[in-house]
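*Asks:* This is the structure, below, for whatever I ask next.
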Amino acid sequence: MALSATNTEFEFREPKRCILSVADLQTWQKSPAYEDLIGFILALSTSVKGKQIQDVSGDVSETMQKLLALLETLNSWVDEIPLEDLQVGRFGNKAYRVWHERLEERCPELIGALLSDGLSAAIVELKAYLLDAFGNRSRIDYGSGHETNFVAFLCCLCKLGVIKEEDSAVLVLIVFERYVVLMRKLQKTYRMEPAGSQGVWGLDDFQFLPFLFGSSQLISHESIEPNHFPEADVARRLAGQYIFMSAITYINQVKTGPFPEHSNVLWNISGVREWKKVNSGLVKMFKAEVLGKFPVMQHFVFGSLLSFTK
């Protein structure tokens, strides 16, 4: 995860959209930002290979504690903000917009608590990614593009030297997993819609990276094989230590019917013989179905930390 650089290398500015047409995807896929983001994700995936959550729970640095405190603050707002009455069957509780407005108001303060005084100028770029990491305020929806923004936020902190290489496994197994748990709470509380969901033909309605990172955890495991995770009892028993199993357990809680019917892509993945191949396949899928899709990436913004041009 050798992305860190000195503050003097950046000229912080308001990030802007650069992927304005399908043709821009080619430029994006050759950009420094793409290289940095993919490299960061692959490094994080490698860092958790063969590790359980309990293996890293005693190595939480001060920076990781601050990130967890930020997420806990956002979690507490969900409990504080009263829900609005909803018609039966309707998506999108408008109380989410109140929650998101508070995030917008407090964002500079929340990010500032993570940074040293010399890095405060970076807030203008960091806040763009954090604000878009928890869903769309007007549509009250959430999807893999928002999840990518959270990872972009973490990637930027790494480039600034705030997050260290030795934080990598904790960043995935504790901080990122805590983010996913918060997002599940937001989705259920505010009845958020999946953004651009492919339904049964998508990996998951909301998340992607828990499966990518989680499959790396299970590489070379002596007894847990890919064909085990569709078994609800197995996934539930292992959910406390493996984020892939935590994601499967959540799917089983919110969806009904046979697993092959409501999660066909995951069912097909369970037929792959090795976790290593599952992981490499999910990396290819993430590049194609998230980073390579215009409807997802058209909203992504670029500044000096994640640059569109060389």
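Residue numbers start at 1 in each chain; chains themselves are named A, B, ... in the order of the structure tokens; ligands are numbered from 1 in the order shown.
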Give me, as a ChimeraX atom specification, all polymer residues having an atom no more than 9 Å from Leu154 in chain A, counting only C-alpha atoms and skipping those fewer than 5 positions away in the same chain.
*Replies:* /A:126,149,159,163,171
*Asks:* Please produce a file of those selected residues containing N, CA and C atoms, as a compact mmCIF listing (two decimals), in the first residue's frame.
*Replies:*
# COMPACT_ATOMS: atom_id res chain seq x y z
N LEU A 126 -11.35 15.69 0.51
CA LEU A 126 -11.80 14.53 1.28
C LEU A 126 -13.31 14.54 1.49
N ASN A 149 -16.86 5.33 -3.14
CA ASN A 149 -16.47 6.63 -2.61
C ASN A 149 -15.89 6.53 -1.20
N LYS A 159 -2.88 8.27 0.96
CA LYS A 159 -1.95 9.07 0.18
C LYS A 159 -1.40 10.25 0.99
N ILE A 163 -3.30 7.26 7.07
CA ILE A 163 -3.41 5.81 7.23
C ILE A 163 -2.07 5.19 6.84
N LEU A 171 -8.05 -1.83 8.87
CA LEU A 171 -8.88 -0.96 8.04
C LEU A 171 -9.99 -1.75 7.35
*Asks:* Run DSSP on the backbone and grab whatever in range 66-265 of chain A lands in helix (DSSP H, G or I); send it over as a PyMOL selection string.
*Replies:* chain A and resi 66-80+95-112+117-131+144-159+165-190+199-201+209-217+226-228+232-238+243-254+259-262+264-265
*Asks:* Between A:Val22, A:Leu71, A:Ile243, A:Ala128, single out the one closest to Met183 in chain A, counting only C-alpha atoms.
*Replies:* A:Leu71
*Asks:* Mind checking which residues fall within 8 Å of Ile53 in chain A, counting only C-alpha atoms, ignoring those fewer than 4 positions away in the same chain, and posting them as a list in words?
*Replies:*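 Listed by chain and then number, they are Ser57, Leu173, Ile174, Gly240, Gln241 and Tyr242 of chain A.
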*Asks:* Output the selection as a compact mmCIF listing (two decimals), in the first residue's frame - N, CA, C and O atoms for each residue.
*Replies:*
# COMPACT_ATOMS: atom_id res chain seq x y z
N SER A 57 -7.83 -7.63 16.03
CA SER A 57 -8.62 -6.77 16.92
C SER A 57 -7.79 -6.09 18.01
O SER A 57 -8.22 -5.10 18.60
N LEU A 173 -10.98 -5.24 8.13
CA LEU A 173 -11.75 -6.17 8.96
C LEU A 173 -12.50 -5.49 10.11
O LEU A 173 -13.48 -6.05 10.62
N ILE A 174 -12.08 -4.30 10.49
CA ILE A 174 -12.77 -3.62 11.59
C ILE A 174 -13.42 -2.32 11.12
O ILE A 174 -14.63 -2.14 11.28
N GLY A 240 -19.06 -13.79 12.52
CA GLY A 240 -18.34 -12.94 13.46
C GLY A 240 -16.87 -12.78 13.15
O GLY A 240 -16.22 -11.85 13.65
N GLN A 241 -16.32 -13.66 12.30
CA GLN A 241 -14.90 -13.62 11.99
C GLN A 241 -14.60 -13.37 10.50
O GLN A 241 -13.49 -12.95 10.17
N TYR A 242 -15.58 -13.61 9.64
CA TYR A 242 -15.35 -13.50 8.20
C TYR A 242 -16.39 -12.59 7.57
O TYR A 242 -17.59 -12.85 7.64
*Asks:* Distance table requested - range 66-158 of chain A against range 31-35 of chain A, cut-off 12 Å, only C-alpha atoms: one row per qualifying residue with the closest atom pair and its distance in Å to one decimal, ordered by chain and rising residue number, as JSON lines.
*Replies:*
{"residue": "A:Thr148", "atom": "CA", "partner": "A:Tyr34", "partner_atom": "CA", "distance": 11.5}
{"residue": "A:Ala152", "atom": "CA", "partner": "A:Ala33", "partner_atom": "CA", "distance": 9.2}
{"residue": "A:Cys155", "atom": "CA", "partner": "A:Ala33", "partner_atom": "CA", "distance": 9.9}
{"residue": "A:Cys156", "atom": "CA", "partner": "A:Ala33", "partner_atom": "CA", "distance": 10.1}
*Asks:* I'd like the neighbourhood of range 109-112 of chain A as number ranges by chain, where a residue qualifies if any of its atoms comes within 12 Å (using only C-alpha atoms), though same-chain residues fewer than 4 positions away should be ignored.
*Replies:* A: 63, 66-74, 102-105, 116-131, 153-154, 156-157, 162
*Asks:* Please produce an output containing C-alpha atoms for each residue in the selection, written as a compact mmCIF listing (two decimals), in the first residue's frame.
*Replies:*
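Below is the file selection.txt, written as the result:
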# COMPACT_ATOMS: atom_id res chain seq x y z
CA THR A 63 -6.06 6.68 13.53
CA LYS A 66 -10.64 7.96 15.15
CA LEU A 67 -12.23 6.47 12.03
CA LEU A 68 -14.35 4.18 14.19
CA ALA A 69 -15.39 7.18 16.30
CA LEU A 70 -16.45 9.01 13.13
CA LEU A 71 -18.61 6.06 12.08
CA GLU A 72 -20.09 5.80 15.59
CA THR A 73 -21.04 9.47 15.45
CA LEU A 74 -22.90 8.88 12.18
CA ARG A 102 -26.25 16.92 9.25
CA LEU A 103 -23.42 15.03 7.57
CA GLU A 104 -22.93 17.93 5.15
CA GLU A 105 -22.86 20.44 8.01
CA SER A 116 -2.95 17.11 11.57
CA ASP A 117 -3.06 20.91 11.27
CA GLY A 118 -0.82 20.86 8.23
CA LEU A 119 -3.34 18.81 6.26
CA SER A 120 -6.49 20.85 6.87
CA ALA A 121 -6.41 22.18 3.30
CA ALA A 122 -7.15 18.63 2.11
CA ILE A 123 -10.65 18.72 3.60
CA VAL A 124 -12.03 20.28 0.41
CA GLU A 125 -11.20 17.07 -1.47
CA LEU A 126 -11.80 14.53 1.28
CA LYS A 127 -15.31 15.76 2.04
CA ALA A 128 -16.46 15.13 -1.54
CA TYR A 129 -15.79 11.41 -1.12
CA LEU A 130 -17.13 11.13 2.42
CA LEU A 131 -20.36 12.96 1.53
CA PHE A 153 -11.89 8.52 1.02
CA LEU A 154 -9.69 5.94 2.76
CA CYS A 156 -6.90 9.63 -0.02
CA LEU A 157 -6.12 9.39 3.70
CA VAL A 162 -2.76 9.54 7.71
